[in-house]
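Below is one structure, written out as structure tokens; comments come after it.
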Amino acid sequence: MNLFSKFKNNLQKTSNFLSSNILNSFQNKKVDNETLEELEAILISADISLDVVEKLINSVRNVKSNDQDVTEKVLETLAKEIEIILHPRERAILKENEKKSKILIFIGVNGSGKTTTIGKISNQISKEKKVLIAACDTFRAAAIDQLKNWTDKNHNDFYSGNINQDPASVAFQATEKFDKENYDYLIIDTAGRLSNNTNLINQLVKLKNVVSKINTESIIETILVLDGTNGSNMIKQVEIFGKALDVSSIIITKLDGTAKGGALISIANKYEIPISYVGLGEKPEDLSVFSAKNFSRSILNLEE
Ligand SMILES: Nc1nc2c(ncn2[C@@H]2O[C@H](COP(=O)(O)OP(=O)(O)OP(=O)(O)O)[C@@H](O)[C@H]2O)c(=O)[nH]1
Ligand SMILES: [Mg+2]
């Protein structure tokens, strides 16, 4: 399956919602205040933020059409505007011919998809690269097992500390091993929730500081994983994690399971943080490099 078909097939919940409602509104009508108002309501229901909706409505306002092709023209105009918003956010994490080694720190609330995404990304790293995966979610034994499972499947090396060990100290030890044994990638999994008396954000800041203090050679990426089914609630998480941790990349998962995929556009419009991948399903190959064009055309059910 090519990349566009993957986007198109797996974003159907959002695209069916948008395209069928837009078709209902515009069929045999023209662009006027009434249809624009309906369009506004549809876009808001797909969790697209008001400032973006306003931009989109303004672009559709100028659409000249006859009755037959109005829906097509409206969809094409929306796709073009959305692509303009998304395009500056495209940026890959894994690059061919990367000269420096990389440390990827995965953060995000519990259940957002960090561990699964680590498994999927490691699966996509070239087999010639030396990869170390570190289990810094030390609060649940099951979390360590889940990560170990992925690591074994992908034939990567694994580093874990003891249960309940300070996550920053596990990260410290893993980074030492990474440096000493000349790995290309260190991928750090963290917890999404801690016991009540520990602040998650402070713990992550500490972990990141420890890693960057002992390793000054590698590129350190802080990757925020967001659950796409949370829709516009994701914005709050970008706010909180972004403020404290200098997030360098966002991954939005579970976009196959939601009609609220429009929230991705709101995030791209509000924050200048790159979006590297989107999760479009459970299988390793369902983690797709983010593409502004594929996303914008797919969510409106248009062809490539
Ligand atoms: N459908 C679908 N499910 C996904 C996707 N990404 C992750 N999941 C599922 O989401 C659930 C939670 O994923 P985890 O990777 O365990 O989440 P986590 O962020 O590590 O959670 P904690 O360790 O509790 O903080 C799992 O059942 C995954 O299979 C996706 O893109 N699509
Ligand atoms: Mg996890």
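In the structure tokens, chains take letters A, B, ... by order of appearance, with residues numbered from 1 within each chain and ligands from 1 in the order shown.
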
| said: Env of Ala79 of chain A: 8 Å cut, atoms = only C-alpha atoms, seq-sep filter 4 positions within chain, self excluded. Answer as number ranges by chain. | reply: A: 75, 83, 296-297, 300

| task | Name all residues at most 9 Å from segment 235-248 of chain A (count only C-alpha atoms; drop same-chain ones fewer than 6 positions away) and give them as a ChimeraX atom specification. | result | /A:107-109,201-202,204-205,208,220-224,226,263,266-267,270-271,273-275

Quick one: residues within 7 Å of ligand 2, with only C-alpha atoms and all ligand atoms, as a compact mmCIF listing (two decimals) with C-alpha atoms, in the first residue's frame?
# COMPACT_ATOMS: atom_id res chain seq x y z
CA ASN A 110 -0.52 7.60 30.23
CA GLY A 111 -2.06 5.61 27.43
CA GLY A 113 0.92 5.48 22.88
CA LYS A 114 4.56 6.10 23.90
CA THR A 115 5.65 2.49 24.33
CA ASP A 137 8.91 3.80 33.16
CA ALA A 143 5.36 -1.42 31.37
CA ASP A 189 10.48 5.26 27.39
CA THR A 190 8.96 7.15 30.32
CA ALA A 191 5.88 6.82 32.50
CA GLY A 192 2.70 8.75 31.75

| request: Within 10 Å of Asn154 of chain A, counting only C-alpha atoms, which residues show up once you throw out same-chain ones fewer than 5 positions away? Write them as a ChimeraX atom specification, please. | output: /A:119-125,127,131,148-149

Output C-alpha atoms of each residue in that selection to a file, as a tab-separated table (two decimals), in the first residue's frame.
chain	number	residue	atom	x	y	z
A	119	GLY	CA	8.25	-0.25	19.19
A	120	LYS	CA	7.03	0.93	15.80
A	121	ILE	CA	9.81	3.49	15.29
A	122	SER	CA	12.58	1.07	16.26
A	123	ASN	CA	11.12	-1.31	13.70
A	124	GLN	CA	11.68	1.37	11.05
A	125	ILE	CA	15.30	2.10	11.99
A	127	LYS	CA	19.04	-2.85	10.80
A	131	VAL	CA	19.84	0.72	18.94
A	148	LYS	CA	10.98	-5.63	26.35
A	149	ASN	CA	8.57	-7.46	24.04

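Between atom CA of Phe4 of chain A and atom CA of Asn301 of chain A lies a distance of 11.3 Å.
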
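Across A:Ile48, A:Ser101, A:Asn28, A:Thr14, the tightest approach to Glu72 of chain A is made by A:Asn28 when counting only C-alpha atoms.
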
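Between atom 29 (O, counted along the ligand's line) of ligand 1 and atom CA of Ile163 of chain A lies a distance of 22.8 Å.
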